[in-house]
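Visitor: Provided herewith is a single structure, encoded as structure tokens, for subsequent inquiry.
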Amino acid sequence: MEDDQPLPPKLAALARELQEELERREQQWADETAAALVPSTEPHLFSPSVSVRTEPPSETRNVDSAEAAVEELLNCTERGPKWNLALRVCIAVIADKMEAQEARKAFLAAAEVEGVLRSSS
């Protein structure tokens, strides 16, 4: 069995520095990982906007974000495959898993099926 002998002062100081650096890097990694897991709170904008007919029927809304697209999708009565895909894509965009333009494409297709598309956006 070996005796626990104290480290020479220079070696002990180096060991403390390395331990502190390791802890700093672990904290930095944890912070970066946590930030990557939290979706941003900024709107997920796309362009050009999609013009849709809203209630009352004479109103038009220019939808330009995944969040606004979800609001409109929840008002749809035609909840088929394109609606389902649009909703799932918009949620993925809001969770920062997909690009906002993908939400626009999917929402455009769902709005067309719903018959609320105002123009050929």
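Going through the structure tokens in order, the chains are called A, B, and so on, while each chain numbers its residues from 1 and the ligands are numbered from 1 in the order shown.
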Check the DSSP output for the backbone and give back, as number ranges by chain, the residues of range 4-46 of chain A in alpha helix (DSSP H).

Guide: A: 9-37

Visitor: Could those residues be written to a file, using N, CA, C and O atoms, as a compact mmCIF listing (two decimals), in the first residue's frame?

Guide:
# COMPACT_ATOMS: atom_id res chain seq x y z
N PRO A 9 4.60 21.77 -4.11
CA PRO A 9 3.78 22.98 -4.27
C PRO A 9 3.49 23.35 -5.72
O PRO A 9 2.36 23.70 -6.07
N LYS A 10 4.48 23.28 -6.60
CA LYS A 10 4.26 23.65 -8.01
C LYS A 10 3.27 22.68 -8.67
O LYS A 10 2.40 23.08 -9.42
N LEU A 11 3.43 21.41 -8.38
CA LEU A 11 2.54 20.40 -8.94
C LEU A 11 1.13 20.54 -8.38
O LEU A 11 0.13 20.41 -9.11
N ALA A 12 0.99 20.85 -7.11
CA ALA A 12 -0.32 21.05 -6.49
C ALA A 12 -1.01 22.27 -7.11
O ALA A 12 -2.22 22.24 -7.38
N ALA A 13 -0.26 23.33 -7.35
CA ALA A 13 -0.83 24.54 -7.97
C ALA A 13 -1.31 24.22 -9.38
O ALA A 13 -2.40 24.66 -9.81
N LEU A 14 -0.52 23.47 -10.11
CA LEU A 14 -0.89 23.08 -11.47
C LEU A 14 -2.16 22.22 -11.45
O LEU A 14 -3.07 22.40 -12.27
N ALA A 15 -2.24 21.29 -10.50
CA ALA A 15 -3.42 20.42 -10.38
C ALA A 15 -4.66 21.25 -10.09
O ALA A 15 -5.73 21.01 -10.66
N ARG A 16 -4.54 22.27 -9.21
CA ARG A 16 -5.68 23.15 -8.91
C ARG A 16 -6.11 23.93 -10.16
O ARG A 16 -7.29 24.05 -10.45
N GLU A 17 -5.14 24.46 -10.90
CA GLU A 17 -5.44 25.21 -12.13
C GLU A 17 -6.17 24.32 -13.13
O GLU A 17 -7.16 24.74 -13.74
N LEU A 18 -5.69 23.10 -13.30
CA LEU A 18 -6.33 22.17 -14.24
C LEU A 18 -7.75 21.83 -13.80
O LEU A 18 -8.67 21.76 -14.62
N GLN A 19 -7.93 21.62 -12.49
CA GLN A 19 -9.26 21.31 -11.97
C GLN A 19 -10.21 22.49 -12.20
O GLN A 19 -11.36 22.31 -12.62
N GLU A 20 -9.74 23.71 -11.96
CA GLU A 20 -10.57 24.90 -12.18
C GLU A 20 -10.93 25.06 -13.65
O GLU A 20 -12.06 25.40 -14.00
N GLU A 21 -9.96 24.83 -14.52
CA GLU A 21 -10.22 24.92 -15.97
C GLU A 21 -11.22 23.86 -16.41
O GLU A 21 -12.13 24.13 -17.19
N LEU A 22 -11.10 22.65 -15.89
CA LEU A 22 -12.04 21.58 -16.20
C LEU A 22 -13.45 21.96 -15.76
O LEU A 22 -14.41 21.81 -16.52
N GLU A 23 -13.59 22.49 -14.55
CA GLU A 23 -14.90 22.91 -14.04
C GLU A 23 -15.48 24.04 -14.88
O GLU A 23 -16.67 24.07 -15.18
N ARG A 24 -14.62 25.01 -15.29
CA ARG A 24 -15.08 26.11 -16.12
C ARG A 24 -15.59 25.60 -17.46
O ARG A 24 -16.66 25.99 -17.92
N ARG A 25 -14.86 24.69 -18.07
CA ARG A 25 -15.28 24.14 -19.36
C ARG A 25 -16.55 23.30 -19.24
O ARG A 25 -17.40 23.33 -20.12
N GLU A 26 -16.68 22.55 -18.17
CA GLU A 26 -17.91 21.77 -17.95
C GLU A 26 -19.11 22.69 -17.81
O GLU A 26 -20.18 22.43 -18.35
N GLN A 27 -18.94 23.80 -17.09
CA GLN A 27 -20.02 24.76 -16.92
C GLN A 27 -20.37 25.42 -18.25
O GLN A 27 -21.54 25.59 -18.59
N GLN A 28 -19.36 25.76 -19.02
CA GLN A 28 -19.58 26.37 -20.34
C GLN A 28 -20.34 25.40 -21.24
O GLN A 28 -21.29 25.77 -21.92
N TRP A 29 -19.93 24.14 -21.23
CA TRP A 29 -20.61 23.12 -22.05
C TRP A 29 -22.06 22.97 -21.60
O TRP A 29 -22.97 22.89 -22.42
N ALA A 30 -22.29 22.95 -20.28
CA ALA A 30 -23.65 22.82 -19.76
C ALA A 30 -24.51 24.02 -20.17
O ALA A 30 -25.66 23.86 -20.57
N ASP A 31 -23.94 25.22 -20.09
CA ASP A 31 -24.67 26.42 -20.49
C ASP A 31 -25.02 26.39 -21.98
O ASP A 31 -26.13 26.71 -22.38
N GLU A 32 -24.06 26.01 -22.82
CA GLU A 32 -24.29 25.94 -24.26
C GLU A 32 -25.34 24.88 -24.60
O GLU A 32 -26.20 25.09 -25.46
N THR A 33 -25.29 23.75 -23.93
CA THR A 33 -26.26 22.69 -24.16
C THR A 33 -27.65 23.13 -23.76
O THR A 33 -28.62 22.94 -24.49
N ALA A 34 -27.76 23.77 -22.61
CA ALA A 34 -29.07 24.26 -22.14
C ALA A 34 -29.63 25.30 -23.10
O ALA A 34 -30.81 25.27 -23.43
N ALA A 35 -28.78 26.19 -23.60
CA ALA A 35 -29.24 27.22 -24.54
C ALA A 35 -29.73 26.59 -25.84
O ALA A 35 -30.71 27.05 -26.43
N ALA A 36 -29.08 25.53 -26.27
CA ALA A 36 -29.48 24.88 -27.52
C ALA A 36 -30.82 24.16 -27.37
O ALA A 36 -31.53 23.97 -28.35
N LEU A 37 -31.17 23.77 -26.17
CA LEU A 37 -32.41 23.03 -25.95
C LEU A 37 -33.62 23.93 -25.77
O LEU A 37 -34.76 23.47 -25.85

Visitor: List as a tab-separated table (two decimals) with all heavy atoms, in the first residue's frame the protein and nucleic acid residues near Ile91 in chain A, meaning an atom at most 12 Å away when only C-alpha atoms are counted, but skip any in the same chain fewer than 2 places from it.

Guide:
chain	number	residue	atom	x	y	z
A	39	PRO	N	-36.04	26.69	-27.16
A	39	PRO	CA	-36.40	27.38	-28.40
A	39	PRO	C	-36.36	28.88	-28.18
A	39	PRO	O	-36.62	29.38	-27.09
A	39	PRO	CB	-37.83	26.91	-28.69
A	39	PRO	CG	-38.05	25.74	-27.82
A	39	PRO	CD	-37.10	25.85	-26.66
A	44	HIS	N	-40.74	33.28	-35.63
A	44	HIS	CA	-40.04	32.56	-36.69
A	44	HIS	C	-40.63	33.03	-38.02
A	44	HIS	O	-41.57	32.44	-38.55
A	44	HIS	CB	-40.19	31.05	-36.48
A	44	HIS	CG	-39.57	30.62	-35.20
A	44	HIS	ND1	-40.19	30.75	-33.98
A	44	HIS	CD2	-38.35	30.08	-34.95
A	44	HIS	CE1	-39.38	30.31	-33.04
A	44	HIS	NE2	-38.27	29.89	-33.60
A	65	SER	N	-45.30	34.33	-40.12
A	65	SER	CA	-44.49	33.59	-39.13
A	65	SER	C	-45.13	32.23	-38.85
A	65	SER	O	-46.33	32.03	-39.09
A	65	SER	CB	-44.39	34.38	-37.82
A	65	SER	OG	-45.63	34.40	-37.15
A	66	ALA	N	-44.32	31.34	-38.34
A	66	ALA	CA	-44.83	30.01	-37.97
A	66	ALA	C	-45.88	30.12	-36.88
A	66	ALA	O	-46.87	29.40	-36.87
A	66	ALA	CB	-43.67	29.12	-37.54
A	67	GLU	N	-45.68	31.07	-35.95
A	67	GLU	CA	-46.63	31.24	-34.86
A	67	GLU	C	-48.00	31.69	-35.38
A	67	GLU	O	-49.04	31.17	-34.96
A	67	GLU	CB	-46.09	32.27	-33.85
A	67	GLU	CG	-44.87	31.80	-33.07
A	67	GLU	CD	-43.54	31.90	-33.82
A	67	GLU	OE1	-43.52	32.37	-34.99
A	67	GLU	OE2	-42.53	31.50	-33.25
A	68	ALA	N	-47.99	32.66	-36.32
A	68	ALA	CA	-49.25	33.14	-36.90
A	68	ALA	C	-49.89	32.04	-37.74
A	68	ALA	O	-51.13	31.91	-37.77
A	68	ALA	CB	-48.99	34.38	-37.75
A	69	ALA	N	-49.08	31.23	-38.40
A	69	ALA	CA	-49.61	30.13	-39.20
A	69	ALA	C	-50.34	29.12	-38.30
A	69	ALA	O	-51.42	28.64	-38.65
A	69	ALA	CB	-48.49	29.45	-39.98
A	70	VAL	N	-49.78	28.84	-37.13
A	70	VAL	CA	-50.44	27.92	-36.20
A	70	VAL	C	-51.79	28.48	-35.78
A	70	VAL	O	-52.80	27.76	-35.75
A	70	VAL	CB	-49.56	27.63	-34.96
A	70	VAL	CG1	-50.36	26.94	-33.87
A	70	VAL	CG2	-48.36	26.79	-35.35
A	71	GLU	N	-51.85	29.78	-35.49
A	71	GLU	CA	-53.12	30.41	-35.11
A	71	GLU	C	-54.17	30.20	-36.19
A	71	GLU	O	-55.31	29.85	-35.90
A	71	GLU	CB	-52.92	31.91	-34.87
A	71	GLU	CG	-52.15	32.25	-33.63
A	71	GLU	CD	-51.85	33.74	-33.54
A	71	GLU	OE1	-52.45	34.55	-34.30
A	71	GLU	OE2	-51.02	34.11	-32.69
A	73	LEU	N	-54.10	27.90	-38.62
A	73	LEU	CA	-54.37	26.47	-38.80
A	73	LEU	C	-55.41	25.97	-37.79
A	73	LEU	O	-56.24	25.12	-38.11
A	73	LEU	CB	-53.08	25.66	-38.68
A	73	LEU	CG	-52.12	25.78	-39.87
A	73	LEU	CD1	-50.75	25.23	-39.49
A	73	LEU	CD2	-52.68	25.08	-41.09
A	84	ASN	N	-52.38	18.63	-41.27
A	84	ASN	CA	-51.58	17.93	-40.27
A	84	ASN	C	-50.10	18.19	-40.48
A	84	ASN	O	-49.37	18.49	-39.52
A	84	ASN	CB	-51.89	16.43	-40.34
A	84	ASN	CG	-51.24	15.65	-39.22
A	84	ASN	OD1	-50.02	15.54	-39.18
A	84	ASN	ND2	-52.05	15.11	-38.34
A	85	LEU	N	-49.66	18.10	-41.72
A	85	LEU	CA	-48.25	18.35	-42.04
A	85	LEU	C	-47.88	19.79	-41.70
A	85	LEU	O	-46.85	20.05	-41.08
A	85	LEU	CB	-47.96	18.05	-43.50
A	85	LEU	CG	-46.52	18.35	-43.95
A	85	LEU	CD1	-45.54	17.46	-43.20
A	85	LEU	CD2	-46.39	18.17	-45.45
A	86	ALA	N	-48.73	20.75	-42.09
A	86	ALA	CA	-48.45	22.15	-41.82
A	86	ALA	C	-48.33	22.41	-40.32
A	86	ALA	O	-47.42	23.12	-39.87
A	86	ALA	CB	-49.54	23.04	-42.43
A	87	LEU	N	-49.22	21.84	-39.56
A	87	LEU	CA	-49.17	22.05	-38.11
A	87	LEU	C	-47.88	21.46	-37.53
A	87	LEU	O	-47.20	22.10	-36.72
A	87	LEU	CB	-50.40	21.42	-37.44
A	87	LEU	CG	-50.55	21.73	-35.96
A	87	LEU	CD1	-50.73	23.22	-35.72
A	87	LEU	CD2	-51.75	20.97	-35.39
A	88	ARG	N	-47.52	20.26	-37.94
A	88	ARG	CA	-46.31	19.62	-37.43
A	88	ARG	C	-45.05	20.39	-37.84
A	88	ARG	O	-44.13	20.57	-37.05
A	88	ARG	CB	-46.23	18.17	-37.89
A	88	ARG	CG	-47.26	17.29	-37.18
A	88	ARG	CD	-47.15	15.82	-37.48
A	88	ARG	NE	-47.39	15.56	-38.90
A	88	ARG	CZ	-46.58	14.84	-39.68
A	88	ARG	NH1	-45.50	14.28	-39.19
A	88	ARG	NH2	-46.87	14.65	-40.94
A	89	VAL	N	-45.04	20.88	-39.10
A	89	VAL	CA	-43.88	21.64	-39.56
A	89	VAL	C	-43.77	22.96	-38.79
A	89	VAL	O	-42.68	23.34	-38.35
A	89	VAL	CB	-43.95	21.90	-41.09
A	89	VAL	CG1	-42.91	22.92	-41.53
A	89	VAL	CG2	-43.77	20.59	-41.85
A	93	VAL	N	-40.69	24.24	-36.54
A	93	VAL	CA	-40.01	25.53	-36.76
A	93	VAL	C	-39.95	26.30	-35.44
A	93	VAL	O	-38.91	26.86	-35.08
A	93	VAL	CB	-40.72	26.34	-37.87
A	93	VAL	CG1	-40.21	27.77	-37.91
A	93	VAL	CG2	-40.53	25.66	-39.22
A	94	ILE	N	-41.06	26.34	-34.72
A	94	ILE	CA	-41.10	27.07	-33.44
A	94	ILE	C	-40.11	26.47	-32.45
A	94	ILE	O	-39.50	27.18	-31.65
A	94	ILE	CB	-42.54	27.10	-32.88
A	94	ILE	CG1	-43.43	27.95	-33.80
A	94	ILE	CG2	-42.57	27.60	-31.45
A	94	ILE	CD1	-44.91	27.82	-33.54
A	95	ALA	N	-39.90	25.17	-32.54
A	95	ALA	CA	-38.94	24.48	-31.67
A	95	ALA	C	-37.51	24.58	-32.22
A	95	ALA	O	-36.59	23.97	-31.68
A	95	ALA	CB	-39.33	23.02	-31.50
A	96	ASP	N	-37.33	25.38	-33.28
A	96	ASP	CA	-36.02	25.59	-33.91
A	96	ASP	C	-35.43	24.31	-34.49
A	96	ASP	O	-34.21	24.13	-34.52
A	96	ASP	CB	-35.03	26.24	-32.93
A	96	ASP	CG	-35.43	27.65	-32.54
A	96	ASP	OD1	-36.03	28.35	-33.38
A	96	ASP	OD2	-35.17	28.03	-31.40
A	97	LYS	N	-36.30	23.41	-34.97
A	97	LYS	CA	-35.84	22.16	-35.57
A	97	LYS	C	-35.86	22.22	-37.10
A	97	LYS	O	-35.29	21.36	-37.76
A	97	LYS	CB	-36.71	20.99	-35.11
A	97	LYS	CG	-36.75	20.81	-33.61
A	97	LYS	CD	-35.42	20.45	-33.05
A	97	LYS	CE	-35.53	20.20	-31.56
A	97	LYS	NZ	-34.25	20.20	-30.90
A	98	MET	N	-36.56	23.23	-37.65
A	98	MET	CA	-36.66	23.39	-39.10
A	98	MET	C	-36.59	24.88	-39.43
A	98	MET	O	-36.78	25.73	-38.55
A	98	MET	CB	-37.98	22.81	-39.65
A	98	MET	CG	-38.12	21.32	-39.48
A	98	MET	SD	-39.70	20.69	-40.13
A	98	MET	CE	-39.35	20.73	-41.89
A	99	GLU	N	-36.35	25.19	-40.69
A	99	GLU	CA	-36.29	26.58	-41.15
A	99	GLU	C	-37.69	27.14	-41.35
A	99	GLU	O	-38.61	26.40	-41.74
A	99	GLU	CB	-35.51	26.68	-42.45
A	99	GLU	CG	-34.05	26.29	-42.32
A	99	GLU	CD	-33.28	27.22	-41.41
A	99	GLU	OE1	-33.50	28.45	-41.50
A	99	GLU	OE2	-32.47	26.73	-40.61
A	100	ALA	N	-37.85	28.44	-41.13
A	100	ALA	CA	-39.16	29.09	-41.23
A	100	ALA	C	-39.77	28.97	-42.63
A	100	ALA	O	-41.00	28.86	-42.76
A	100	ALA	CB	-39.05	30.57	-40.84
A	102	GLU	N	-39.87	26.49	-44.48
A	102	GLU	CA	-40.59	25.22	-44.56
A	102	GLU	C	-42.00	25.37	-44.01
A	102	GLU	O	-42.95	24.77	-44.53
A	102	GLU	CB	-39.82	24.12	-43.82
A	102	GLU	CG	-38.46	23.81	-44.41
A	102	GLU	CD	-38.54	23.39	-45.87
A	102	GLU	OE1	-39.42	22.58	-46.23
A	102	GLU	OE2	-37.71	23.88	-46.66
A	103	ALA	N	-42.15	26.18	-42.97
A	103	ALA	CA	-43.49	26.45	-42.42
A	103	ALA	C	-44.34	27.18	-43.45
A	103	ALA	O	-45.52	26.89	-43.61
A	103	ALA	CB	-43.39	27.28	-41.14
A	106	ALA	N	-45.57	24.67	-46.16
A	106	ALA	CA	-46.61	23.77	-45.64
A	106	ALA	C	-47.90	24.53	-45.36
A	106	ALA	O	-49.00	24.04	-45.66
A	106	ALA	CB	-46.11	23.08	-44.37
A	107	PHE	N	-47.80	25.74	-44.81
A	107	PHE	CA	-48.99	26.54	-44.52
A	107	PHE	C	-49.68	26.94	-45.82
A	107	PHE	O	-50.92	26.91	-45.91
A	107	PHE	CB	-48.63	27.79	-43.71
A	107	PHE	CG	-49.80	28.68	-43.45
A	107	PHE	CD1	-50.84	28.27	-42.62
A	107	PHE	CD2	-49.88	29.91	-44.05
A	107	PHE	CE1	-51.94	29.09	-42.40
A	107	PHE	CE2	-50.98	30.74	-43.84
A	107	PHE	CZ	-52.01	30.32	-43.01

Visitor: Find the distance between CA of Asn75 in chain A and CA of Ser47 in chain A and write it in Å to one decimal.

Guide: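 Distance reported for this atom pair: 21.8 Å.
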
Visitor: Extract, using only C-alpha atoms, all DNA, RNA and protein residues at most 12 Å from Glu72 in chain A, discarding same-chain residues fewer than 3 positions from it, and format them as JSON, numbers by chain.

Guide: {"A": [50, 51, 52, 53, 54, 55, 60, 61, 62, 63, 64, 65, 66, 67, 68, 69, 75, 76, 77, 78, 79, 83, 86, 87, 90, 107, 108, 110, 111, 114, 116, 117]}

Visitor: One decimal, Å: what's the distance from CA of Lys105 in chain A over to CA of Thr41 in chain A, could you say?

Guide: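 The value is 21.8 Å.
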
Visitor: Could you please determine the separation between CA of Glu59 in chain A and CA of Arg104 in chain A in Å, to one decimal place?

Guide: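 These atoms are spaced 20.1 Å apart.
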
Visitor: Could you tell me, as a list of chain:residue names, which residues of range 41-108 of chain A DSSP assigns to strand (DSSP E) when given the backbone?

Guide: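 Of range 41-108 of chain A, the ones in strand (DSSP E) are A:Leu45, A:Phe46, A:Ser47, A:Pro48, A:Ser49, A:Val50, A:Ser51, A:Val52, A:Arg53, A:Thr54, A:Glu59, A:Thr60, A:Arg61, A:Asn62, A:Val63, A:Asp64, A:Ser65.
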
Visitor: Determine the nearest neighbour of Pro81 in chain A from the options A:Leu45, A:Arg118, A:Ala109, A:Gln5, counting only C-alpha atoms.

Guide: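 When distances to Pro81 in chain A are compared using only C-alpha atoms, the smallest one comes from A:Ala109.
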
Visitor: Using only C-alpha atoms, can you tell me which of A:Ala92, A:Pro57, A:Pro8, A:Pro48 comes closest to Gly115 in chain A?

Guide: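 Under the stated criterion, the closest residue is A:Pro57.
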